[in-house]
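What follows is the content of start-v8.pdb (PDB, C-alpha atoms).
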```pdb
MODEL        1
ATOM      1  CA  MET A   1       0.000   0.000   0.000
ATOM      2  CA  ALA A   2       1.367   3.444  -0.942
ATOM      3  CA  ILE A   3       1.429   5.912   1.928
ATOM      4  CA  SER A   4       2.513   9.552   1.629
ATOM      5  CA  LEU A   5       4.347  11.261   4.463
ATOM      6  CA  LYS A   6       5.566  14.830   4.767
ATOM      7  CA  VAL A   7       9.120  14.548   6.102
ATOM      8  CA  ASN A   8      11.457  17.505   6.551
ATOM      9  CA  GLY A   9       9.324  19.656   4.276
ATOM     10  CA  ALA A  10       9.036  17.184   1.391
ATOM     11  CA  THR A  11       6.177  14.815   0.629
ATOM     12  CA  ARG A  12       7.463  11.303   0.079
ATOM     13  CA  SER A  13       5.666   8.090  -0.748
ATOM     14  CA  VAL A  14       6.445   4.617   0.507
ATOM     15  CA  GLU A  15       5.063   1.152  -0.187
ATOM     16  CA  ALA A  16       4.454  -0.231   3.298
ATOM     17  CA  GLU A  17       1.878  -1.814   5.532
ATOM     18  CA  PRO A  18      -0.209   0.776   7.417
ATOM     19  CA  ASP A  19       0.996  -0.470  10.810
ATOM     20  CA  THR A  20       4.688  -0.143   9.896
ATOM     21  CA  PRO A  21       6.499   1.914  12.541
ATOM     22  CA  LEU A  22       7.570   5.343  11.329
ATOM     23  CA  LEU A  23      11.141   4.619  12.441
ATOM     24  CA  TYR A  24      11.446   1.755   9.946
ATOM     25  CA  VAL A  25      10.247   3.932   7.076
ATOM     26  CA  LEU A  26      12.553   6.806   8.015
ATOM     27  CA  ARG A  27      15.636   4.595   8.250
ATOM     28  CA  ASN A  28      15.008   1.828   5.718
ATOM     29  CA  ASP A  29      13.056   3.615   2.995
ATOM     30  CA  PHE A  30      13.998   7.280   3.285
ATOM     31  CA  GLU A  31      17.600   6.678   4.448
ATOM     32  CA  LEU A  32      17.253   9.186   7.304
ATOM     33  CA  ASN A  33      19.413   7.493   9.911
ATOM     34  CA  GLY A  34      19.405  10.079  12.697
ATOM     35  CA  ALA A  35      16.603   8.406  14.608
ATOM     36  CA  LYS A  36      17.876   5.183  16.158
ATOM     37  CA  PHE A  37      16.254   1.917  17.210
ATOM     38  CA  GLY A  38      16.996   1.696  20.900
ATOM     39  CA  CYS A  39      14.436  -0.254  22.863
ATOM     40  CA  GLY A  40      11.486  -0.543  20.473
ATOM     41  CA  LEU A  41       9.151   0.224  23.389
ATOM     42  CA  ALA A  42       9.143   4.053  23.434
ATOM     43  CA  GLN A  43      11.206   4.012  26.629
ATOM     44  CA  CYS A  44      14.670   5.290  25.658
ATOM     45  CA  GLY A  45      14.024   8.229  23.305
ATOM     46  CA  ALA A  46      16.619   7.335  20.650
ATOM     47  CA  CYS A  47      13.917   7.252  17.949
ATOM     48  CA  THR A  48      12.289  10.603  18.780
ATOM     49  CA  VAL A  49      11.140  12.854  15.939
ATOM     50  CA  LEU A  50       8.835  15.870  15.841
ATOM     51  CA  VAL A  51       5.326  15.333  14.504
ATOM     52  CA  ASP A  52       3.554  18.644  14.018
ATOM     53  CA  GLY A  53       6.179  20.144  16.328
ATOM     54  CA  LYS A  54       5.704  17.680  19.173
ATOM     55  CA  PRO A  55       8.147  14.923  20.159
ATOM     56  CA  VAL A  56       6.962  11.440  19.222
ATOM     57  CA  ARG A  57       8.619   8.045  19.627
ATOM     58  CA  SER A  58       8.794   6.818  16.059
ATOM     59  CA  CYS A  59       9.460   3.182  17.006
ATOM     60  CA  VAL A  60       5.836   2.772  18.135
ATOM     61  CA  THR A  61       4.104   5.215  15.771
ATOM     62  CA  PRO A  62       2.310   3.457  12.901
ATOM     63  CA  ILE A  63       2.601   5.377   9.647
ATOM     64  CA  ASP A  64      -1.136   5.223   8.976
ATOM     65  CA  THR A  65      -1.783   7.439  12.033
ATOM     66  CA  LEU A  66       0.189  10.367  10.633
ATOM     67  CA  GLY A  67      -2.055  11.624   7.829
ATOM     68  CA  GLN A  68      -0.774  14.979   6.614
ATOM     69  CA  SER A  69       1.325  15.627   9.713
ATOM     70  CA  GLU A  70       4.656  17.389   9.336
ATOM     71  CA  ILE A  71       7.448  15.079  10.462
ATOM     72  CA  THR A  72      10.805  16.610  11.345
ATOM     73  CA  THR A  73      13.853  14.473  11.944
ATOM     74  CA  VAL A  74      17.212  15.596  13.296
ATOM     75  CA  GLU A  75      18.336  15.855   9.662
ATOM     76  CA  GLY A  76      15.544  18.382   9.063
ATOM     77  CA  LEU A  77      16.529  20.725  11.894
ATOM     78  CA  GLY A  78      19.504  22.133  10.031
ATOM     79  CA  THR A  79      21.784  21.551   7.065
ATOM     80  CA  LEU A  80      25.502  20.924   6.747
ATOM     81  CA  GLU A  81      25.900  24.548   5.661
ATOM     82  CA  HIS A  82      23.553  25.933   8.327
ATOM     83  CA  PRO A  83      23.276  23.510  11.254
ATOM     84  CA  HIS A  84      20.725  24.139  13.978
ATOM     85  CA  PRO A  85      22.237  25.822  17.076
ATOM     86  CA  LEU A  86      21.613  22.604  19.028
ATOM     87  CA  GLN A  87      23.596  20.592  16.511
ATOM     88  CA  VAL A  88      26.481  23.067  16.768
ATOM     89  CA  ALA A  89      26.316  23.089  20.564
ATOM     90  CA  PHE A  90      26.367  19.276  20.733
ATOM     91  CA  MET A  91      29.531  19.279  18.632
ATOM     92  CA  THR A  92      31.135  22.122  20.582
ATOM     93  CA  GLU A  93      30.434  20.521  23.960
ATOM     94  CA  GLN A  94      31.313  17.034  22.641
ATOM     95  CA  ALA A  95      27.951  15.950  24.006
ATOM     96  CA  ALA A  96      27.665  12.801  21.912
ATOM     97  CA  GLN A  97      30.166  10.219  23.079
ATOM     98  CA  CYS A  98      28.763   7.259  21.162
ATOM     99  CA  GLY A  99      26.063   9.357  19.491
ATOM    100  CA  TYR A 100      23.256   6.890  19.982
ATOM    101  CA  CYS A 101      21.097   9.139  22.168
ATOM    102  CA  ALA A 102      22.032  12.395  20.430
ATOM    103  CA  ASN A 103      19.096  12.355  18.003
ATOM    104  CA  GLY A 104      16.496  12.028  20.735
ATOM    105  CA  MET A 105      18.251  14.493  23.010
ATOM    106  CA  ILE A 106      18.500  17.112  20.254
ATOM    107  CA  ILE A 107      14.863  16.651  19.213
ATOM    108  CA  ALA A 108      13.674  16.852  22.850
ATOM    109  CA  ALA A 109      15.838  19.926  23.406
ATOM    110  CA  ALA A 110      14.454  21.585  20.256
ATOM    111  CA  ASP A 111      10.954  21.067  21.626
ATOM    112  CA  LEU A 112      11.991  22.390  25.040
ATOM    113  CA  LEU A 113      13.648  25.511  23.607
ATOM    114  CA  LYS A 114      10.630  26.215  21.414
ATOM    115  CA  ARG A 115       8.408  26.182  24.501
ATOM    116  CA  ASN A 116      10.961  27.788  26.857
ATOM    117  CA  PRO A 117      13.727  29.700  25.044
ATOM    118  CA  GLN A 118      15.717  30.408  28.220
ATOM    119  CA  PRO A 119      15.359  27.369  30.492
ATOM    120  CA  THR A 120      17.216  26.896  33.736
ATOM    121  CA  GLU A 121      19.555  23.950  34.108
ATOM    122  CA  ALA A 122      16.907  22.196  36.198
ATOM    123  CA  GLN A 123      14.333  22.729  33.434
ATOM    124  CA  VAL A 124      16.727  21.293  30.842
ATOM    125  CA  ARG A 125      17.322  18.228  32.998
ATOM    126  CA  GLU A 126      13.563  17.820  33.466
ATOM    127  CA  GLY A 127      12.956  18.248  29.731
ATOM    128  CA  LEU A 128      15.401  15.454  28.908
ATOM    129  CA  ILE A 129      14.388  13.072  31.677
ATOM    130  CA  GLY A 130      12.719  10.570  29.359
ATOM    131  CA  HIS A 131      15.850  10.147  27.215
ATOM    132  CA  LEU A 132      18.505   7.619  28.146
ATOM    133  CA  CYS A 133      22.224   8.027  27.518
ATOM    134  CA  ARG A 134      24.243   4.838  27.706
ATOM    135  CA  CYS A 135      27.569   6.680  27.954
ATOM    136  CA  GLY A 136      26.685   9.001  30.813
ATOM    137  CA  THR A 137      27.343  12.269  28.983
ATOM    138  CA  HIS A 138      24.332  13.926  30.590
ATOM    139  CA  ASN A 139      26.336  16.861  31.951
ATOM    140  CA  ARG A 140      27.780  17.646  28.517
ATOM    141  CA  ILE A 141      24.316  17.312  26.974
ATOM    142  CA  VAL A 142      22.862  19.765  29.498
ATOM    143  CA  ARG A 143      25.746  22.185  28.800
ATOM    144  CA  ALA A 144      25.065  21.873  25.064
ATOM    145  CA  VAL A 145      21.371  22.695  25.494
ATOM    146  CA  MET A 146      22.209  25.671  27.722
ATOM    147  CA  ARG A 147      24.786  26.867  25.151
ATOM    148  CA  ALA A 148      22.250  26.578  22.323
ATOM    149  CA  ALA A 149      19.648  28.489  24.366
ATOM    150  CA  ASN A 150      22.165  31.290  24.924
ATOM    151  CA  GLU A 151      23.172  31.360  21.261
ATOM    152  CA  MET A 152      19.565  31.357  20.092
ATOM    153  CA  GLY A 153      18.747  34.151  22.534
ATOM    154  CA  ARG A 154      21.394  36.367  20.923
ATOM    155  CA  THR A 155      20.057  36.076  17.390
TER     156      THR A 155
ENDMDL
END
```

Will you turn the file into structure tokens for me?
Amino acid sequence: MAISLKVNGATRSVEAEPDTPLLYVLRNDFELNGAKFGCGLAQCGACTVLVDGKPVRSCVTPIDTLGQSEITTVEGLGTLEHPHPLQVAFMTEQAAQCGYCANGMIIAAADLLKRNPQPTEAQVREGLIGHLCRCGTHNRIVRAVMRAANEMGRT
């Protein structure tokens, strides 16, 4: 069955079963590999994307529930030429040791900064609480989000 999805501003079509998880389509069909398969149970956050601006765990989101929703992956936040301030801050702070959680952390942080452009450190930690980092780089991740908030506040 052909299903159309609007991903990172472009409408794309895929032949897939309606109950196929969005994560599988993003990675296997659209070759957008930012979102990762972590737990497959919506517990770790590695697969998080934005759907109509809200964070969603793509590993448990069937594609037939998305309709005309706007899906934004970490690849859609910025470009190589113009990366999103969060992407720059994660690199600057070396916040991604293995990189597995980075996608979910960046997407969650983008949502947080949209709702609260100048969060406190405690608010950043609370905003990322549902995202697991296997390497323990939480402090660097928090610093990266705080750096991005400061940079975004200056522009």

What residues come out when you apply the PyMOL selection byres ((chain A and resi 70) around 9) to this file, written as an mmCIF file with C-alpha atoms, in the coordinates of the input?
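What landed in expr37.cif:
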```cif
data_model
loop_
_atom_site.group_PDB
_atom_site.id
_atom_site.type_symbol
_atom_site.label_atom_id
_atom_site.label_comp_id
_atom_site.auth_asym_id
_atom_site.auth_seq_id
_atom_site.Cartn_x
_atom_site.Cartn_y
_atom_site.Cartn_z
ATOM 1 C CA LEU A 5 4.347 11.261 4.463
ATOM 2 C CA LYS A 6 5.566 14.830 4.767
ATOM 3 C CA VAL A 7 9.120 14.548 6.102
ATOM 4 C CA ASN A 8 11.457 17.505 6.551
ATOM 5 C CA GLY A 9 9.324 19.656 4.276
ATOM 6 C CA LEU A 50 8.835 15.870 15.841
ATOM 7 C CA VAL A 51 5.326 15.333 14.504
ATOM 8 C CA ASP A 52 3.554 18.644 14.018
ATOM 9 C CA GLY A 53 6.179 20.144 16.328
ATOM 10 C CA LEU A 66 0.189 10.367 10.633
ATOM 11 C CA GLY A 67 -2.055 11.624 7.829
ATOM 12 C CA GLN A 68 -0.774 14.979 6.614
ATOM 13 C CA SER A 69 1.325 15.627 9.713
ATOM 14 C CA ILE A 71 7.448 15.079 10.462
ATOM 15 C CA THR A 72 10.805 16.610 11.345
#
```

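Using all atoms listed in the file, the smallest distance between any of A:Leu113, A:Ala35, A:Ala10, A:Cys59 and Thr73 (chain A) comes from A:Ala35.
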
Find the spatial neighbours of Ala89 (chain A), counting all atoms listed in the file, within a cut-off of 6 Å - ignore same-chain residues fewer than 3 positions away - and output them as an MDAnalysis selection string. chainID A and resid 86 92:93 144 148

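Distance annotation: of A:Gly136, A:Pro55, A:Pro85, A:Gly130, the residue with the minimal separation from Gln97 (chain A) is A:Gly136; atom set is all atoms listed in the file.
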
Taking the file above as input, evaluate the PyMOL selection byres ((chain A and resi 60) around 10) and report the hits as a list in words. Asp19, Thr20, Pro21, Leu22, Leu23, Tyr24, Gly40, Leu41, Ala42, Cys47, Val56, Arg57, Ser58, Cys59, Thr61, Pro62 and Ile63 of chain A

With only C-alpha atoms as the basis for distance, which of A:Met152, A:Ala16, A:Leu77, A:Met105 is at the shortest distance from Gln118 (chain A)?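 For Gln118 (chain A), the nearest of the given residues is A:Met152.
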